[in-house]
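Novice: Sharing a structure below in structure tokens format, with a few things to ask.
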Amino acid sequence: MSFRATILTLYPEMFPGPLGVSLSGDALARGIWSLDARNIRDHGIGRHRNVDDTPAGGGPGMVIRCDVLAAALDAAEEPGESRPRLLMSPRGRPLTQARVRDLAAGPGVTIVCGRFEGVDERVIAGRDLEEISIGDYVLSGGEMAAMVLLDACIRLMPGVMGKEASGTEESFEGNLLEYPHYTRPREWEGRAIPEVLLNGNHAAMARWRREEAERITRERRPDLLSDRR
């Protein structure tokens, strides 16, 4: 069974976008995953297919209506649907590599891409949407965030990357940032490859890589180390 991604957006023409090239694009062509981008406006109200309205209580901007988004969600899902429903939102829980692995191992996702000031709170509760953030900043909409999440998931699926280790020896696995990498030439502008990586002692290499990963994590993301305790 392939991983199925259903995207609810006001701009379905944005997809597959970058997901249609490189590893994710090749996996899409080979049927490892599938993509269905649906227009929320198909379920809009009235002749002009309105999808939003002014916020209750006043305030700037517009809010996507709960009835419109609920209708779009209901139409996109099959009976007995088990895929998680995600809402890309700056107030959501931060996306982690552990959550990415869980999602990649499942049947797929339904992702809502918000616009304007957000979506009516009632549809978040009524359709059990899990809010996910890709960082502490605000985008124009959830489409780019959805692409980030999907790219992170797709690369972990069997048959996508060349070597299985490529998905396990990298940043955030084991709550560590990745160790440094080197390649040819052996020396460049007075900077040499560390000798430990050239002497063939695999135990010493593994120890060096672990120590370097811990050092970089201490310097740049000490919060990850505290999460390991």
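For the structure tokens, the naming scheme is as follows: chains receive sequential letters (A, B, ...) according to their order of presentation, residues are indexed from 1 within each chain, and ligands are indexed from 1 in presentation order.
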For Gly61 in chain A, list every protein, DNA or RNA residue within 7 Å, evaluated using only C-alpha atoms, and leave out those in the same chain fewer than 5 positions away; present the list as a ChimeraX atom specification.

Specialist: /A:54,116-117

Novice: Would you tabulate, counting only C-alpha atoms, all residues of range 96-162 of chain A that have an atom at most 8 Å from an atom of range 10-21 of chain A, showing the closest pair of atoms and their distance in Å to one decimal, sorted by chain then ascending number, as a Markdown table?

Specialist:
| residue | atom | partner | partner_atom | distance |
| --- | --- | --- | --- | --- |
| A:Cys113 | CA | A:Leu10 | CA | 7.9 |
| A:Arg115 | CA | A:Leu10 | CA | 8.0 |
| A:Glu143 | CA | A:Met14 | CA | 7.6 |
| A:Met147 | CA | A:Leu19 | CA | 6.9 |
| A:Asp151 | CA | A:Leu19 | CA | 6.8 |

Novice: Would you please give, as an NGL selection string, all residues of range 130-181 of chain A that DSSP assigns to helix (DSSP H, G or I) based on the backbone?

Specialist: :A and (143-154 or 164-167 or 173-175)

Novice: Mind dumping a table of every range 95-157 of chain A residue within 12 Å of range 34-37 of chain A, with the nearest atom pair and its distance in Å to one decimal, using only C-alpha atoms, sorted by chain and rising number, as a Markdown table?

Specialist:
| residue | atom | partner | partner_atom | distance |
| --- | --- | --- | --- | --- |
| A:Pro107 | CA | A:Ser34 | CA | 10.7 |
| A:Gly108 | CA | A:Ser34 | CA | 9.0 |
| A:Val109 | CA | A:Leu35 | CA | 10.0 |
| A:Thr110 | CA | A:Asp36 | CA | 9.4 |
| A:Ile111 | CA | A:Ala37 | CA | 9.5 |
| A:Val112 | CA | A:Ala37 | CA | 10.2 |
| A:Cys113 | CA | A:Ala37 | CA | 10.5 |
| A:Glu143 | CA | A:Ala37 | CA | 10.4 |
| A:Ala146 | CA | A:Ala37 | CA | 11.2 |
| A:Met147 | CA | A:Leu35 | CA | 11.2 |
| A:Leu150 | CA | A:Leu35 | CA | 10.1 |
| A:Ile154 | CA | A:Ser34 | CA | 10.4 |

Novice: If you keep N, CA and C atoms, can you produce a file of those selected residues as a tab-separated table (two decimals), in the first residue's frame?

Specialist:
chain	number	residue	atom	x	y	z
A	107	PRO	N	-0.32	5.05	6.80
A	107	PRO	CA	-0.96	4.97	5.48
A	107	PRO	C	-0.96	6.27	4.71
A	108	GLY	N	-0.62	7.37	5.38
A	108	GLY	CA	-0.62	8.67	4.72
A	108	GLY	C	-1.18	9.75	5.62
A	109	VAL	N	-1.50	10.90	5.04
A	109	VAL	CA	-1.99	12.04	5.80
A	109	VAL	C	-3.00	12.83	4.98
A	110	THR	N	-3.89	13.50	5.67
A	110	THR	CA	-4.72	14.55	5.09
A	110	THR	C	-4.24	15.86	5.70
A	111	ILE	N	-3.83	16.81	4.87
A	111	ILE	CA	-3.25	18.06	5.36
A	111	ILE	C	-4.10	19.24	4.93
A	112	VAL	N	-4.49	20.06	5.90
A	112	VAL	CA	-5.21	21.29	5.64
A	112	VAL	C	-4.22	22.44	5.61
A	113	CYS	N	-4.24	23.21	4.54
A	113	CYS	CA	-3.36	24.37	4.41
A	113	CYS	C	-4.20	25.63	4.66
A	143	GLU	N	0.73	25.90	2.58
A	143	GLU	CA	1.20	25.05	1.48
A	143	GLU	C	2.68	24.72	1.57
A	146	ALA	N	3.29	22.32	4.35
A	146	ALA	CA	2.86	20.97	3.99
A	146	ALA	C	3.91	20.27	3.13
A	147	MET	N	4.54	21.03	2.22
A	147	MET	CA	5.59	20.45	1.39
A	147	MET	C	6.79	20.02	2.22
A	150	LEU	N	5.81	16.78	4.04
A	150	LEU	CA	5.76	15.63	3.13
A	150	LEU	C	7.15	15.22	2.67
A	154	ILE	N	8.57	11.48	3.01
A	154	ILE	CA	8.79	10.67	1.81
A	154	ILE	C	10.20	10.11	1.76

Novice: Name all residues at most 7 Å from range 98-101 of chain A (count only C-alpha atoms; drop same-chain ones fewer than 3 positions away) and give them as a ChimeraX atom specification.

Specialist: /A:95,104-105,152-153

Novice: How far is it from CA of Ile40 in chain A to CA of Ala27 in chain A, in Å with one decimal?

Specialist: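 The value is 26.3 Å.
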
Novice: What is the CA of Ile124 in chain A to CA of Gly92 in chain A distance in Å?

Specialist: 11.6 Å

Novice: Between A:Arg91, A:Arg209, A:Arg215, A:Arg47, which one has atoms that come closest to Val196 in chain A, using only C-alpha atoms?

Specialist: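 Result for the nearest residue to Val196 in chain A: A:Arg209.
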
Novice: Using only C-alpha atoms, determine which residues lie at most 12 Å from Asn50 in chain A, disregarding the query and same-chain residues fewer than 3 positions distant; provide the list as a ChimeraX atom specification.

Specialist: /A:10,40-47,53-54,62-65,67-69

Novice: Residues at most 12 Å from range 183-187 of chain A, counting only C-alpha atoms, excluding those fewer than 5 positions away in the same chain, as a PyMOL selection string?

Specialist: chain A and resi 192-195+197-198
